[in-house]
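Working notes, structure below.
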Amino acid sequence: MTRNGDRTALDPLIARPREAPDVRTATAAADDWATVPPPAVRPVCTEAPSVYAVRTEEDLVTVRHAVRAATVGLGFGIVDQTRVVTAASELARNAYAHGGGGTLTLEPVRRGGRRGLRLTVRDEGPGIPDVESALTDGFTTGTGLGHGLGGARRLMDEFAIETAPGRGTTVVATRWTAP
Amino acid sequence: MTAAGRAGVPILRLGDVLVTGLLNELDDTTAAAFADELTNRIAADGARGVLVDISRLEIIDSYVARTLMELTTMARLLGARVIVAGMRPSVAITLVELGLRLTGVETALNAEQGMAALGWRRTQQPRGEAPRDAQR
C-alpha cells in the first residue's frame, strides 16, 4: 500500500514543516502554514456531509464558523462567503428559535465543473402552517425582522422548503461557486 | 471608564462621545446585553454621540440588524446620535439582498469619518511648538 506515501506527496502542507534545516526556509514555511485553514476544517472540504447541532446560541456561532470555513475551502469569493454564512445564520436561528432546535448539514456538491455548498437545516418543531406568508418580507412571529426565510432564499441559488404543521421543517439551500 | 461589562466590549468615553465596537463572535445574548449596556452608559455619561465600529463584523443577519436599529432608536430617545461605522462591502451587499436597509441607522465609511461627523476633528499641532514626545 502506498496510501501514506501518497497522502504526504499530495499534501505538501503536511510534509513541509518536517524538513527545513535552513532558517529562512523554515520561516517562510511557518508563514505559509499560518495562512492555510487549520486542519480541523479539512474534513468539510471532502465530499462527506458534516452535521452540526443547532440547540443553543453557542451552536449558532459554531455553525457560522463551520459554514465560513466550508465556503473558503470550496473557493467562494468574499461576497458569496458572506451570503452563504448569512443565509445559514438565518436558517439556523429559525430552527433554534421556532423549531425548538435542530441540525444543520453541510455538504459540498458538484455539478459540471462547478462546486457548491448545500445547507440542510432540519427541525422537529411545529412546522410552518403558511409557507408563502413565511417567505414574505416583514412576516415574523419571533424576534427578527421577518426577512429571515425570504432573505435566505434570495441569498442562495437554490432553495426548497418542506414543512407541515406538527411535522417540523426542512430547508435545503445551495449556492454555487462562480463558473 | 474602559471596563468591559457583560457584553464583553469596552465602551470608551471621549468628551461627550462614546466609542465602542462589535466583535465578530456576536451571539444573540451578547448583542442584547451590548444594547442594554450602551443605553445605560448614554444616560449615565450624558453622551450626545455614539460611534459603533462594526468593521470586525463578518456578517450582519436580521437579528443583529434589528439590534442596531433598536439601539439607534433608544439612543435617539435619550438625545444621542449613533453612527455605525466601518461596514464591510460584502456585508453591505448581503444586507441589501437580505432586504434590510437599516432604516434610521446613520453610517460612516470608517471610524475616523464617523468621529468627524460627531464633531471630532484631528487638531493640528500648534506651530513652532514641538510635540512633547518628539525627542524620544
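By convention here, the chains of the C-alpha cells are called A, B, ... in the order presented, each chain's residues are numbered starting at 1, and ligands are numbered starting at 1 in the order presented.
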Can you check which residues of chain A have any atom within 10 Å of chain B? Use only C-alpha atoms and format it as an MDAnalysis selection string. chainID A and resid 57:62 64:65 68 77:90 93 137:138 143:155
Show which residues sit within 12 Å of Arg76 in chain B, as a PyMOL selection string. Count only C-alpha atoms, and ignore same-chain residues fewer than 2 positions away. chain B and resi 39+42-43+47-50+69-74+78-83+104-106
If we count only C-alpha atoms and set the cut-off at 10 Å, which residues sit around range 121-126 of chain A, ignoring sequence neighbours fewer than 3 positions away in its own chain? Please answer as a ChimeraX atom specification. /A:51-55,88,91-106,118,129,161-173
Of the residues A:Ala134, A:Arg111, A:Arg175, A:Ile128, which is the one nearest to Thr71 in chain A, using only C-alpha atoms? A:Arg175
Using DSSP on the backbone, list every residue of chain B that comes out as helix (DSSP H, G or I), and give them as a PyMOL selection string. chain B and resi 28-45+62-77+89-98+111-117
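Each of B:Gly114, B:Thr30, B:Thr20, B:Arg13 was checked against Ala44 in chain B using only C-alpha atoms; the smallest atom-to-atom distance is that of B:Arg13.
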Show which residues sit within 7 Å of Ala85 in chain B, as JSON, numbers by chain. Count only C-alpha atoms, and ignore same-chain residues fewer than 5 positions away. {"B": [51, 52, 53, 54, 107, 108, 109, 110, 111, 114]}
Would you save the residues of that selection, restricted to N, CA and C atoms, as a JSON list (two decimals), in the first residue's frame?
[["chain", "number", "residue", "atom", "x", "y", "z"],
["B", 51, "LEU", "N", -20.30, 56.24, 18.68],
["B", 51, "LEU", "CA", -19.73, 55.63, 17.50],
["B", 51, "LEU", "C", -19.63, 54.13, 17.73],
["B", 52, "VAL", "N", -20.28, 53.35, 16.86],
["B", 52, "VAL", "CA", -20.21, 51.90, 16.97],
["B", 52, "VAL", "C", -19.42, 51.38, 15.77],
["B", 53, "ASP", "N", -18.22, 50.89, 16.02],
["B", 53, "ASP", "CA", -17.40, 50.36, 14.93],
["B", 53, "ASP", "C", -17.80, 48.91, 14.66],
["B", 54, "ILE", "N", -18.15, 48.62, 13.40],
["B", 54, "ILE", "CA", -18.57, 47.24, 13.08],
["B", 54, "ILE", "C", -17.64, 46.63, 12.04],
["B", 107, "THR", "N", -24.73, 55.90, 9.11],
["B", 107, "THR", "CA", -23.50, 55.13, 8.92],
["B", 107, "THR", "C", -22.36, 56.04, 8.46],
["B", 108, "ALA", "N", -21.15, 55.52, 8.61],
["B", 108, "ALA", "CA", -19.97, 56.20, 8.09],
["B", 108, "ALA", "C", -19.04, 55.14, 7.54],
["B", 109, "LEU", "N", -18.21, 55.52, 6.56],
["B", 109, "LEU", "CA", -17.32, 54.57, 5.91],
["B", 109, "LEU", "C", -16.35, 53.96, 6.90],
["B", 110, "ASN", "N", -15.84, 54.77, 7.81],
["B", 110, "ASN", "CA", -14.90, 54.24, 8.80],
["B", 110, "ASN", "C", -15.03, 55.05, 10.10],
["B", 111, "ALA", "N", -14.30, 54.62, 11.11],
["B", 111, "ALA", "CA", -14.42, 55.25, 12.43],
["B", 111, "ALA", "C", -14.01, 56.73, 12.38],
["B", 114, "GLY", "N", -16.71, 58.72, 10.96],
["B", 114, "GLY", "CA", -17.81, 58.72, 11.92],
["B", 114, "GLY", "C", -17.56, 59.72, 13.04]]
Return as a PyMOL selection string the full set of residues in range 23-112 of chain B whose backbone-based DSSP assignment is strand (DSSP E or B). chain B and resi 49-53+81-85+106-108
Could you dump the residues just selected with C-alpha atoms as an mmCIF file, in the first residue's frame?
data_model
loop_
_atom_site.group_PDB
_atom_site.id
_atom_site.type_symbol
_atom_site.label_atom_id
_atom_site.label_comp_id
_atom_site.auth_asym_id
_atom_site.auth_seq_id
_atom_site.Cartn_x
_atom_site.Cartn_y
_atom_site.Cartn_z
ATOM 1 C CA GLY B 49 -22.922 60.893 20.302
ATOM 2 C CA VAL B 50 -22.111 57.205 19.963
ATOM 3 C CA LEU B 51 -19.725 55.632 17.496
ATOM 4 C CA VAL B 52 -20.206 51.897 16.968
ATOM 5 C CA ASP B 53 -17.400 50.358 14.928
ATOM 6 C CA ARG B 81 -26.845 60.333 17.875
ATOM 7 C CA VAL B 82 -25.493 56.922 16.867
ATOM 8 C CA ILE B 83 -23.170 56.393 13.930
ATOM 9 C CA VAL B 84 -22.405 52.856 12.803
ATOM 10 C CA ALA B 85 -19.013 52.876 11.126
ATOM 11 C CA GLU B 106 -26.711 56.572 10.365
ATOM 12 C CA THR B 107 -23.499 55.132 8.917
ATOM 13 C CA ALA B 108 -19.969 56.199 8.085
#
In Å, with one decimal, what is the gap from CA of Gly86 in chain B to CA of Glu112 in chain B?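 A separation of 9.3 Å between them.
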Nearby residues (only C-alpha atoms) at most 9 Å from Asp36 in chain B, same-chain spacing under 4 positions excluded, as an mmCIF file with N, CA and C atoms, in the first residue's frame:
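What ended up in around-v7.cif:
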data_model
loop_
_atom_site.group_PDB
_atom_site.id
_atom_site.type_symbol
_atom_site.label_atom_id
_atom_site.label_comp_id
_atom_site.auth_asym_id
_atom_site.auth_seq_id
_atom_site.Cartn_x
_atom_site.Cartn_y
_atom_site.Cartn_z
ATOM 1 N N ALA B 7 -21.423 42.625 28.101
ATOM 2 C CA ALA B 7 -21.330 42.429 26.652
ATOM 3 C C ALA B 7 -19.902 42.105 26.211
ATOM 4 N N ALA B 31 -25.367 40.495 21.995
ATOM 5 C CA ALA B 31 -25.872 41.648 21.243
ATOM 6 C C ALA B 31 -26.899 42.405 22.078
ATOM 7 N N ALA B 32 -27.791 41.680 22.726
ATOM 8 C CA ALA B 32 -28.823 42.321 23.541
ATOM 9 C C ALA B 32 -28.192 43.004 24.755
ATOM 10 N N ASN B 40 -27.604 52.377 28.862
ATOM 11 C CA ASN B 40 -27.372 52.855 30.230
ATOM 12 C C ASN B 40 -26.203 53.823 30.300
ATOM 13 N N ARG B 41 -25.164 53.523 29.533
ATOM 14 C CA ARG B 41 -23.994 54.404 29.550
ATOM 15 C C ARG B 41 -24.311 55.771 28.948
ATOM 16 N N LEU B 71 -31.060 49.899 18.957
ATOM 17 C CA LEU B 71 -30.066 50.680 19.689
ATOM 18 C C LEU B 71 -30.103 52.143 19.255
#
